[in-house]
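Asker: See data07.txt below, with compact mmCIF, C-alpha atoms and all ligand atoms.
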```
# COMPACT_ATOMS: atom_id res chain seq x y z
CA MET A 1 18.34 14.33 -20.48
CA SER A 2 14.77 15.54 -20.26
CA LEU A 3 12.56 14.59 -17.32
CA ARG A 4 10.18 11.79 -18.21
CA THR A 5 7.60 12.24 -15.47
CA ASP A 6 4.65 11.50 -17.74
CA ILE A 7 2.63 8.36 -16.91
CA LYS A 8 0.11 8.89 -19.70
CA GLY A 9 -0.84 5.51 -21.14
CA LYS A 10 1.10 3.52 -18.53
CA ARG A 11 -0.90 0.35 -17.83
CA VAL A 12 -1.12 0.03 -14.07
CA LEU A 13 -2.83 -2.45 -11.75
CA LEU A 14 -3.68 -1.00 -8.32
CA LEU A 15 -4.71 -3.63 -5.76
CA GLY A 16 -6.46 -2.26 -2.69
CA ALA A 17 -8.14 0.54 -4.61
CA CYS A 18 -11.21 1.15 -2.47
CA GLY A 19 -9.76 2.31 0.83
CA VAL A 20 -8.92 5.74 2.21
CA LEU A 21 -5.70 6.09 0.20
CA GLY A 22 -6.34 3.67 -2.67
CA ARG A 23 -9.34 5.64 -3.87
CA ARG A 24 -7.31 8.84 -4.00
CA HIS A 25 -4.38 7.09 -5.70
CA ALA A 26 -6.80 5.77 -8.33
CA GLU A 27 -8.28 9.22 -8.97
CA ILE A 28 -4.89 10.95 -9.25
CA LEU A 29 -3.33 8.23 -11.44
CA ALA A 30 -6.38 8.42 -13.72
CA GLU A 31 -6.09 12.24 -13.86
CA HIS A 32 -2.47 11.77 -14.97
CA GLY A 33 -3.54 9.58 -17.87
CA ALA A 34 -2.61 6.12 -16.58
CA SER A 35 -4.58 3.26 -18.07
CA LEU A 36 -5.82 1.63 -14.88
CA ALA A 37 -7.05 -1.71 -13.62
CA LEU A 38 -8.42 -1.36 -10.10
CA ALA A 39 -8.74 -4.35 -7.81
CA ASP A 40 -10.22 -4.86 -4.37
CA ARG A 41 -12.03 -7.60 -2.53
CA PRO A 42 -15.46 -8.94 -3.52
CA GLY A 43 -18.13 -6.93 -1.73
CA SER A 44 -16.19 -3.68 -2.16
CA ASP A 45 -17.38 -1.07 -4.66
CA VAL A 46 -14.37 -1.65 -6.93
CA LEU A 47 -16.43 -2.26 -10.06
CA GLU A 48 -18.36 1.00 -9.57
CA LEU A 49 -15.18 2.90 -8.72
CA ALA A 50 -13.46 1.57 -11.84
CA LYS A 51 -16.43 2.52 -14.00
CA SER A 52 -16.45 6.06 -12.62
CA LEU A 53 -12.77 6.48 -13.56
CA ASP A 54 -13.00 4.79 -16.96
CA ALA A 55 -10.79 2.00 -15.60
CA ARG A 56 -11.10 -1.80 -15.56
CA GLY A 57 -12.40 -3.29 -12.32
CA VAL A 58 -11.39 -6.67 -10.92
CA GLU A 59 -12.55 -8.35 -7.72
CA ILE A 60 -9.63 -10.03 -5.93
CA ASP A 61 -9.49 -11.39 -2.40
CA VAL A 62 -5.76 -11.66 -1.74
CA THR A 63 -6.30 -14.53 0.70
CA ASP A 64 -7.71 -16.62 -2.18
CA GLU A 65 -4.60 -17.66 -4.13
CA PRO A 66 -6.34 -19.03 -7.27
CA GLY A 67 -8.58 -15.95 -7.32
CA LEU A 68 -5.57 -13.64 -7.09
CA VAL A 69 -3.76 -15.49 -9.87
CA ALA A 70 -6.84 -15.28 -12.11
CA GLY A 71 -7.51 -11.64 -11.17
CA VAL A 72 -4.01 -10.42 -12.00
CA ALA A 73 -4.15 -12.33 -15.31
CA ALA A 74 -7.53 -10.75 -16.07
CA ALA A 75 -6.15 -7.27 -15.38
CA GLU A 76 -3.14 -7.91 -17.60
CA ALA A 77 -5.39 -9.16 -20.40
CA ALA A 78 -7.83 -6.25 -20.03
CA LEU A 79 -5.05 -3.65 -20.27
CA GLY A 80 -3.08 -5.54 -22.93
CA GLY A 81 -0.06 -5.86 -20.61
CA LEU A 82 1.26 -4.22 -17.45
CA ASP A 83 3.81 -1.42 -17.03
CA GLY A 84 3.19 -0.99 -13.31
CA ALA A 85 1.63 -2.75 -10.33
CA ILE A 86 0.91 -1.39 -6.86
CA TYR A 87 0.20 -3.54 -3.78
CA ASN A 88 -1.83 -1.23 -1.53
CA ALA A 89 -4.16 -3.77 0.15
CA ALA A 90 -3.82 -4.19 3.88
CA ILE A 91 -5.51 -4.91 7.15
CA THR A 92 -4.98 -1.62 8.99
CA SER A 93 -5.75 -0.57 12.53
CA GLU A 94 -8.59 1.70 11.41
CA GLY A 95 -9.98 -1.06 9.20
CA LEU A 96 -9.81 -3.50 12.13
CA ALA A 97 -11.56 -1.02 14.43
CA LYS A 98 -14.72 -1.40 12.30
CA GLN A 99 -14.89 -5.13 13.14
CA SER A 100 -17.01 -6.48 15.97
CA GLY A 101 -15.54 -8.03 19.11
CA ASN A 102 -12.14 -6.93 20.39
CA PRO A 103 -9.77 -6.60 17.43
CA PHE A 104 -6.98 -5.23 19.68
CA PRO A 105 -6.38 -7.74 22.48
CA ALA A 106 -3.41 -7.18 24.79
CA PHE A 107 -0.24 -8.62 23.30
CA GLU A 108 0.14 -11.06 26.18
CA ASP A 109 -3.20 -12.64 25.12
CA TYR A 110 -2.89 -12.00 21.38
CA PRO A 111 -4.54 -14.86 19.43
CA THR A 112 -2.52 -16.55 16.69
CA GLU A 113 -5.45 -16.33 14.27
CA LEU A 114 -5.45 -12.51 14.44
CA TRP A 115 -1.69 -12.48 13.85
CA ARG A 116 -2.09 -14.85 10.88
CA ALA A 117 -4.98 -12.85 9.41
CA SER A 118 -2.91 -9.66 9.18
CA ILE A 119 0.22 -11.45 7.91
CA ASN A 120 -1.92 -13.23 5.29
CA VAL A 121 -3.24 -10.02 3.76
CA ASN A 122 -0.34 -7.65 4.37
CA LEU A 123 2.61 -9.90 3.59
CA THR A 124 1.56 -13.20 1.98
CA GLY A 125 -0.78 -11.21 -0.29
CA ALA A 126 2.14 -8.98 -1.29
CA PHE A 127 4.25 -12.06 -2.05
CA LEU A 128 1.51 -13.58 -4.25
CA PHE A 129 0.86 -10.27 -5.97
CA ALA A 130 4.58 -9.75 -6.65
CA ARG A 131 4.86 -13.27 -8.05
CA GLU A 132 1.91 -12.85 -10.42
CA ALA A 133 2.30 -9.18 -11.36
CA GLY A 134 6.05 -9.74 -11.70
CA LYS A 135 5.42 -12.35 -14.41
CA ALA A 136 3.25 -9.85 -16.27
CA LEU A 137 5.88 -7.10 -15.95
CA LYS A 138 8.53 -9.53 -17.24
CA ARG A 139 6.34 -10.41 -20.22
CA ASN A 140 6.21 -6.66 -20.87
CA GLY A 141 9.99 -6.47 -20.73
CA SER A 142 10.09 -3.69 -18.12
CA GLY A 143 8.00 -2.24 -15.35
CA SER A 144 7.62 -0.84 -11.86
CA LEU A 145 6.33 -2.82 -8.88
CA ILE A 146 5.44 -0.72 -5.84
CA ASN A 147 4.71 -2.18 -2.41
CA ILE A 148 2.92 0.06 0.05
CA ALA A 149 4.56 -0.38 3.45
CA SER A 150 4.24 2.03 6.40
CA ILE A 151 6.21 4.24 8.72
CA TYR A 152 5.49 1.48 11.28
CA GLY A 153 7.58 -0.90 9.21
CA VAL A 154 10.45 1.54 9.75
CA VAL A 155 10.03 2.86 13.32
CA ALA A 156 7.87 1.74 16.23
CA PRO A 157 4.63 3.50 17.08
CA ASP A 158 4.45 5.61 20.21
CA HIS A 159 1.91 3.33 21.89
CA ARG A 160 0.88 6.13 24.27
CA ILE A 161 -0.93 8.14 21.57
CA TYR A 162 -3.32 5.23 20.87
CA GLU A 163 -4.41 4.74 24.48
CA SER A 164 -7.70 6.64 24.27
CA GLN A 165 -8.49 5.77 20.63
CA PRO A 166 -10.98 3.24 19.19
CA PHE A 167 -8.11 1.87 17.06
CA ASN A 168 -4.67 0.71 18.09
CA SER A 169 -1.45 -0.48 16.56
CA PHE A 170 -1.12 -4.27 16.37
CA PRO A 171 1.87 -6.60 16.09
CA GLY A 172 1.12 -8.13 12.68
CA TYR A 173 1.03 -4.65 11.15
CA ALA A 174 4.55 -3.64 12.19
CA ALA A 175 5.91 -7.10 11.33
CA SER A 176 4.20 -7.31 7.93
CA LYS A 177 5.19 -3.79 6.94
CA ALA A 178 8.83 -4.41 7.89
CA GLY A 179 8.53 -7.69 5.97
CA ILE A 180 7.21 -6.05 2.81
CA ILE A 181 10.22 -3.70 2.82
CA GLY A 182 12.52 -6.75 3.03
CA LEU A 183 10.60 -8.49 0.25
CA THR A 184 10.93 -5.33 -1.86
CA ARG A 185 14.71 -5.26 -1.52
CA TRP A 186 15.02 -8.98 -2.22
CA LEU A 187 12.94 -8.73 -5.40
CA ALA A 188 14.68 -5.55 -6.52
CA THR A 189 18.07 -7.22 -6.61
CA LEU A 190 16.63 -10.42 -8.10
CA TRP A 191 15.01 -8.58 -10.99
CA ALA A 192 17.39 -5.63 -11.42
CA ASP A 193 18.83 -7.01 -14.66
CA SER A 194 15.43 -7.84 -16.17
CA GLY A 195 14.10 -4.29 -16.32
CA ILE A 196 11.71 -4.64 -13.37
CA ARG A 197 12.14 -2.00 -10.66
CA VAL A 198 10.77 -2.78 -7.21
CA ASN A 199 10.33 -0.12 -4.55
CA ALA A 200 8.40 0.39 -1.34
CA VAL A 201 6.54 3.48 -0.17
CA SER A 202 6.09 4.06 3.56
CA PRO A 203 3.50 6.71 4.39
CA GLY A 204 3.23 8.29 7.80
CA GLY A 205 -0.18 8.67 9.43
CA VAL A 206 -2.74 10.16 7.05
CA TYR A 207 -5.48 12.40 8.41
CA ASN A 208 -8.91 10.82 8.06
CA ASP A 209 -11.26 12.81 10.30
CA HIS A 210 -9.39 11.66 13.39
CA ASP A 211 -10.34 13.07 16.72
CA PRO A 212 -8.46 16.35 17.24
CA ALA A 213 -6.59 15.00 20.29
CA PHE A 214 -5.17 12.11 18.25
CA ALA A 215 -4.31 14.34 15.25
CA ALA A 216 -2.51 16.75 17.63
CA ALA A 217 -0.69 13.94 19.47
CA TYR A 218 0.43 12.37 16.19
CA GLY A 219 1.32 15.78 14.76
CA ASN A 220 3.48 16.53 17.80
CA ARG A 221 5.55 13.46 16.95
CA THR A 222 6.43 14.85 13.48
CA PRO A 223 8.83 17.70 12.64
CA MET A 224 6.17 19.13 10.29
CA GLY A 225 3.72 19.16 13.18
CA ARG A 226 0.81 17.42 11.47
CA MET A 227 -0.52 14.26 9.86
CA ALA A 228 -0.29 13.79 6.09
CA GLU A 229 -3.13 14.73 3.77
CA ARG A 230 -4.38 11.99 1.45
CA ASP A 231 -3.12 13.84 -1.63
CA GLU A 232 0.43 13.97 -0.29
CA ILE A 233 1.24 10.29 -0.85
CA THR A 234 0.39 9.73 -4.52
CA GLY A 235 3.17 11.90 -6.01
CA ILE A 236 5.82 9.33 -5.20
CA LEU A 237 3.74 6.68 -6.99
CA VAL A 238 3.56 8.83 -10.12
CA TYR A 239 7.34 9.26 -9.97
CA LEU A 240 8.03 5.55 -9.44
CA LEU A 241 5.69 4.55 -12.30
CA SER A 242 7.32 7.05 -14.64
CA ASP A 243 10.47 6.60 -16.71
CA SER A 244 12.11 9.31 -14.56
CA ALA A 245 12.63 6.61 -11.95
CA CYS A 246 14.52 4.36 -14.39
CA TYR A 247 17.61 4.08 -12.13
CA CYS A 248 15.62 3.65 -8.95
CA THR A 249 15.12 0.22 -7.41
CA GLY A 250 15.27 -1.47 -4.02
CA GLN A 251 14.37 1.66 -2.06
CA ASN A 252 11.84 2.47 0.61
CA PHE A 253 10.43 5.98 0.12
CA VAL A 254 9.37 7.31 3.51
CA ILE A 255 6.73 10.05 3.24
CA ASP A 256 6.30 10.95 6.89
CA GLY A 257 6.64 14.71 7.46
CA GLY A 258 10.09 13.97 8.89
CA LEU A 259 8.88 11.69 11.71
CA SER A 260 11.67 9.15 11.20
CA ALA A 261 14.33 11.86 10.85
CA TRP A 262 14.56 12.66 14.55
N1 LIG B 1 -3.85 5.62 6.08
C1 LIG B 1 -2.68 5.71 6.69
O1 LIG B 1 -2.47 6.53 7.60
C2 LIG B 1 -1.54 4.81 6.27
C3 LIG B 1 -0.28 5.03 6.83
C4 LIG B 1 0.76 4.19 6.45
C5 LIG B 1 0.57 3.18 5.54
N2 LIG B 1 -0.68 3.00 5.02
C6 LIG B 1 -0.84 1.90 4.06
O2 LIG B 1 -1.47 2.41 2.90
C7 LIG B 1 -2.31 1.40 2.34
C8 LIG B 1 -3.74 1.92 2.24
O3 LIG B 1 -4.16 2.28 3.54
P1 LIG B 1 -5.61 2.86 3.84
O4 LIG B 1 -5.51 3.71 5.04
O5 LIG B 1 -6.22 3.39 2.60
O6 LIG B 1 -6.34 1.51 4.30
P2 LIG B 1 -7.84 1.03 4.05
O7 LIG B 1 -8.13 0.03 5.12
O8 LIG B 1 -8.74 2.20 3.90
O9 LIG B 1 -7.71 0.30 2.66
C9 LIG B 1 -7.14 -0.98 2.55
C10 LIG B 1 -7.72 -1.62 1.31
O10 LIG B 1 -7.26 -2.99 1.28
C11 LIG B 1 -8.36 -3.78 0.90
N3 LIG B 1 -8.22 -5.16 1.41
C12 LIG B 1 -8.17 -5.57 2.69
N4 LIG B 1 -8.19 -6.91 2.74
C13 LIG B 1 -8.22 -7.35 1.45
C14 LIG B 1 -8.25 -8.63 0.84
N5 LIG B 1 -8.27 -9.75 1.58
N6 LIG B 1 -8.27 -8.70 -0.51
C15 LIG B 1 -8.27 -7.57 -1.27
N7 LIG B 1 -8.26 -6.34 -0.75
C16 LIG B 1 -8.23 -6.23 0.59
C17 LIG B 1 -9.57 -3.11 1.55
O11 LIG B 1 -10.79 -3.55 0.97
C18 LIG B 1 -9.25 -1.66 1.33
O12 LIG B 1 -9.75 -1.17 0.10
C19 LIG B 1 -2.20 0.18 3.25
O13 LIG B 1 -1.21 -0.69 2.76
C20 LIG B 1 -1.75 0.79 4.56
O14 LIG B 1 -1.08 -0.12 5.38
C21 LIG B 1 -1.74 3.78 5.36
```
Can the structure in the file be given as structure tokens, please?
Ligand SMILES: NC(=O)c1ccc[n+]([C@@H]2O[C@H](COP(=O)([O-])OP(=O)(O)OC[C@H]3O[C@@H](n4cnc5c(N)ncnc54)[C@H](O)[C@@H]3O)[C@@H](O)[C@H]2O)c1

Answerer:
Amino acid sequence: MSLRTDIKGKRVLLLGACGVLGRRHAEILAEHGASLALADRPGSDVLELAKSLDARGVEIDVTDEPGLVAGVAAAEAALGGLDGAIYNAAITSEGLAKQSGNPFPAFEDYPTELWRASINVNLTGAFLFAREAGKALKRNGSGSLINIASIYGVVAPDHRIYESQPFNSFPGYAASKAGIIGLTRWLATLWADSGIRVNAVSPGGVYNDHDPAFAAAYGNRTPMGRMAERDEITGILVYLLSDSACYCTGQNFVIDGGLSAW
């Protein structure tokens, strides 16, 4: 059997396209010939990004259920069907750090609305996206749904390395990322006989101009001794979108420089 790693012409919807990793995923998937629809929230530069990559752009706020339903349908219509869908949107600690006020209260005082806000985007958004994109993949007769989780859905953070940083880990992140891995497995077995493969990808910490002390502290926690580079995560997406992954479903691909291996 020959390897079928080619994703040329695969019609893929990437939701959460405008962030640190999403932008790079979009560029690399476009370079590999995927026919892309890029989605991100209103107010992002998703329409400009899509234009620059000869892709379709769709504004979707995942906390707006009717908007998400309409946005996924619009992407499916624009591409003439879907072969793949990637849920990459999230509230992350570095995203939260840009907000005013104190986005990282002590757990003992943690407000329910902050918990709900992260669960809404990171987990309920993934559920809605899976429901809507799943219908499109079923109409296509086959496809690959990929949920972006995190190493912190697999192992706990070492809270000590965040102590002097402007960002911190937060409870809804770990819970939502563990939840998205559970949702992935549940959907994978539900849809295994209908040609839809469902997998999760859990990146480790990706270097994004962090302060050298943090990058060193994080790196010391990994067998490879460093954070990931942005380009090091997309390869697994190319594989999972391709027909090479045709026997692969229900898995969580951990791309973490070995962090969870010791
Ligand atoms: N960067 C890392 O080190 C790292 C590590 C592990 C996992 N991840 C995961 O990878 C994915 C991308 O991470 P990133 O670092 O690029 O994050 P990021 O914050 O740069 O990007 C997240 C994207 O989600 C979008 N988003 C947030 N709320 C939304 C909403 N309500 N509706 C629609 N879109 C919304 C943002 O606009 C943004 O484009 C996330 O799922 C994250 O949890 C990242």

Asker: For chain A versus ligand LIG 1 (chain B), which residues have an atom no more than 6 Å away, and what is each residue's nearest atom pair and distance in Å rounded to one decimal, using all atoms listed in the file, chain-then-number order, as a tab-separated table?

Answerer:
```
residue	atom	partner	partner_atom	distance
A:Gly16	CA	B:LIG1	O10	4.1
A:Ala17	CA	B:LIG1	O12	5.3
A:Cys18	CA	B:LIG1	O12	3.8
A:Gly19	CA	B:LIG1	O8	3.2
A:Val20	CA	B:LIG1	O5	3.6
A:Leu21	CA	B:LIG1	O5	3.6
A:Gly22	CA	B:LIG1	O5	5.3
A:Asp40	CA	B:LIG1	N7	4.4
A:Arg41	CA	B:LIG1	C15	4.0
A:Ile60	CA	B:LIG1	C15	5.4
A:Asp61	CA	B:LIG1	N6	3.5
A:Val62	CA	B:LIG1	N6	4.1
A:Thr63	CA	B:LIG1	N5	5.2
A:Asn88	CA	B:LIG1	O13	4.4
A:Ala89	CA	B:LIG1	O10	3.4
A:Ala90	CA	B:LIG1	O10	4.5
A:Ile91	CA	B:LIG1	C12	5.2
A:Thr92	CA	B:LIG1	O7	5.3
A:Gly95	CA	B:LIG1	O7	4.6
A:Val121	CA	B:LIG1	N5	5.5
A:Ile148	CA	B:LIG1	O13	5.0
A:Ala149	CA	B:LIG1	C5	5.7
A:Ser150	CA	B:LIG1	C5	3.9
A:Ile151	CA	B:LIG1	C4	5.9
A:Ser202	CA	B:LIG1	C5	5.9
A:Pro203	CA	B:LIG1	C4	4.3
A:Gly204	CA	B:LIG1	C3	4.9
A:Gly205	CA	B:LIG1	O1	3.6
A:Val206	CA	B:LIG1	O1	3.7
```

Asker: Report as a PyMOL selection string all protein, DNA and RNA residues lying within 9 Å of Gly258 in chain A, evaluated on only C-alpha atoms, omitting residues in the same chain fewer than 5 positions from it.

Answerer: chain A and resi 204+222-224

Asker: Considering all atoms listed in the file, can you say which of A:Ala261, A:Asn122, A:Phe214, A:Asp45 comes closest to Asp158 in chain A?

Answerer: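 Residue with the minimum atom-to-atom distance to Asp158 in chain A: A:Phe214.
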
Asker: Grab the CA of Ile161 in chain A to CA of Glu108 in chain A distance for me, in Å with one decimal place.

Answerer: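 Here the two named atoms are 19.8 Å from each other.
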
Asker: So that I can see what lies close to Tyr173 in chain A, please list as a ChimeraX atom specification the residues with an atom at most 12 Å from it, counting all atoms listed in the file and leaving out residues fewer than 5 positions away in the same chain.

Answerer: /A:90-96,104,114-123,149-157,168,178-180

Asker: Leaving out His25 in chain A and any residue of its chain fewer than 2 positions from it, which residues lie within 12 Å of it when counting only C-alpha atoms, given as a PyMOL selection string?

Answerer: chain A and resi 12-23+27-32+34+36+38+49+53+86-88+148+230-238

Asker: Taking all atoms listed in the file into account, name the residue in A:Ser144, A:Thr249, A:Ser52, A:Asn102 that is nearest to Ala26 in chain A.

Answerer: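 That would be A:Ser52, the residue with the smallest distance to Ala26 in chain A.
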
Asker: Got a sec: who's within 9 Å of range 189-200 of chain A, counting only C-alpha atoms, leaving out chain neighbours fewer than 2 positions off, as a PDB file with C-alpha atoms, in the coordinates of the input?

Answerer:
```
ATOM      1  CA  GLY A 134       6.050  -9.740 -11.700  1.00  0.00           C
ATOM      2  CA  LEU A 137       5.880  -7.100 -15.950  1.00  0.00           C
ATOM      3  CA  LYS A 138       8.530  -9.530 -17.240  1.00  0.00           C
ATOM      4  CA  GLY A 141       9.990  -6.470 -20.730  1.00  0.00           C
ATOM      5  CA  SER A 142      10.090  -3.690 -18.120  1.00  0.00           C
ATOM      6  CA  GLY A 143       8.000  -2.240 -15.350  1.00  0.00           C
ATOM      7  CA  SER A 144       7.620  -0.840 -11.860  1.00  0.00           C
ATOM      8  CA  LEU A 145       6.330  -2.820  -8.880  1.00  0.00           C
ATOM      9  CA  ILE A 146       5.440  -0.720  -5.840  1.00  0.00           C
ATOM     10  CA  ASN A 147       4.710  -2.180  -2.410  1.00  0.00           C
ATOM     11  CA  ILE A 148       2.920   0.060   0.050  1.00  0.00           C
ATOM     12  CA  ALA A 149       4.560  -0.380   3.450  1.00  0.00           C
ATOM     13  CA  SER A 150       4.240   2.030   6.400  1.00  0.00           C
ATOM     14  CA  ILE A 180       7.210  -6.050   2.810  1.00  0.00           C
ATOM     15  CA  ILE A 181      10.220  -3.700   2.820  1.00  0.00           C
ATOM     16  CA  THR A 184      10.930  -5.330  -1.860  1.00  0.00           C
ATOM     17  CA  ARG A 185      14.710  -5.260  -1.520  1.00  0.00           C
ATOM     18  CA  TRP A 186      15.020  -8.980  -2.220  1.00  0.00           C
ATOM     19  CA  LEU A 187      12.940  -8.730  -5.400  1.00  0.00           C
ATOM     20  CA  SER A 202       6.090   4.060   3.560  1.00  0.00           C
ATOM     21  CA  LEU A 240       8.030   5.550  -9.440  1.00  0.00           C
ATOM     22  CA  ALA A 245      12.630   6.610 -11.950  1.00  0.00           C
ATOM     23  CA  CYS A 246      14.520   4.360 -14.390  1.00  0.00           C
ATOM     24  CA  TYR A 247      17.610   4.080 -12.130  1.00  0.00           C
ATOM     25  CA  CYS A 248      15.620   3.650  -8.950  1.00  0.00           C
ATOM     26  CA  THR A 249      15.120   0.220  -7.410  1.00  0.00           C
ATOM     27  CA  GLY A 250      15.270  -1.470  -4.020  1.00  0.00           C
ATOM     28  CA  GLN A 251      14.370   1.660  -2.060  1.00  0.00           C
ATOM     29  CA  ASN A 252      11.840   2.470   0.610  1.00  0.00           C
ATOM     30  CA  PHE A 253      10.430   5.980   0.120  1.00  0.00           C
ATOM     31  CA  VAL A 254       9.370   7.310   3.510  1.00  0.00           C
TER      32      VAL A 254
END
```

Asker: Just want the 7 Å neighbourhood of range 129-133 of chain A, counted on only C-alpha atoms, with same-chain residues fewer than 6 positions away dropped. Output as an mmCIF file with C-alpha atoms, in the coordinates of the input.

Answerer:
```
data_model
loop_
_atom_site.group_PDB
_atom_site.id
_atom_site.type_symbol
_atom_site.label_atom_id
_atom_site.label_comp_id
_atom_site.auth_asym_id
_atom_site.auth_seq_id
_atom_site.Cartn_x
_atom_site.Cartn_y
_atom_site.Cartn_z
ATOM 1 C CA VAL A 69 -3.760 -15.490 -9.870
ATOM 2 C CA VAL A 72 -4.010 -10.420 -12.000
ATOM 3 C CA ALA A 85 1.630 -2.750 -10.330
#
```
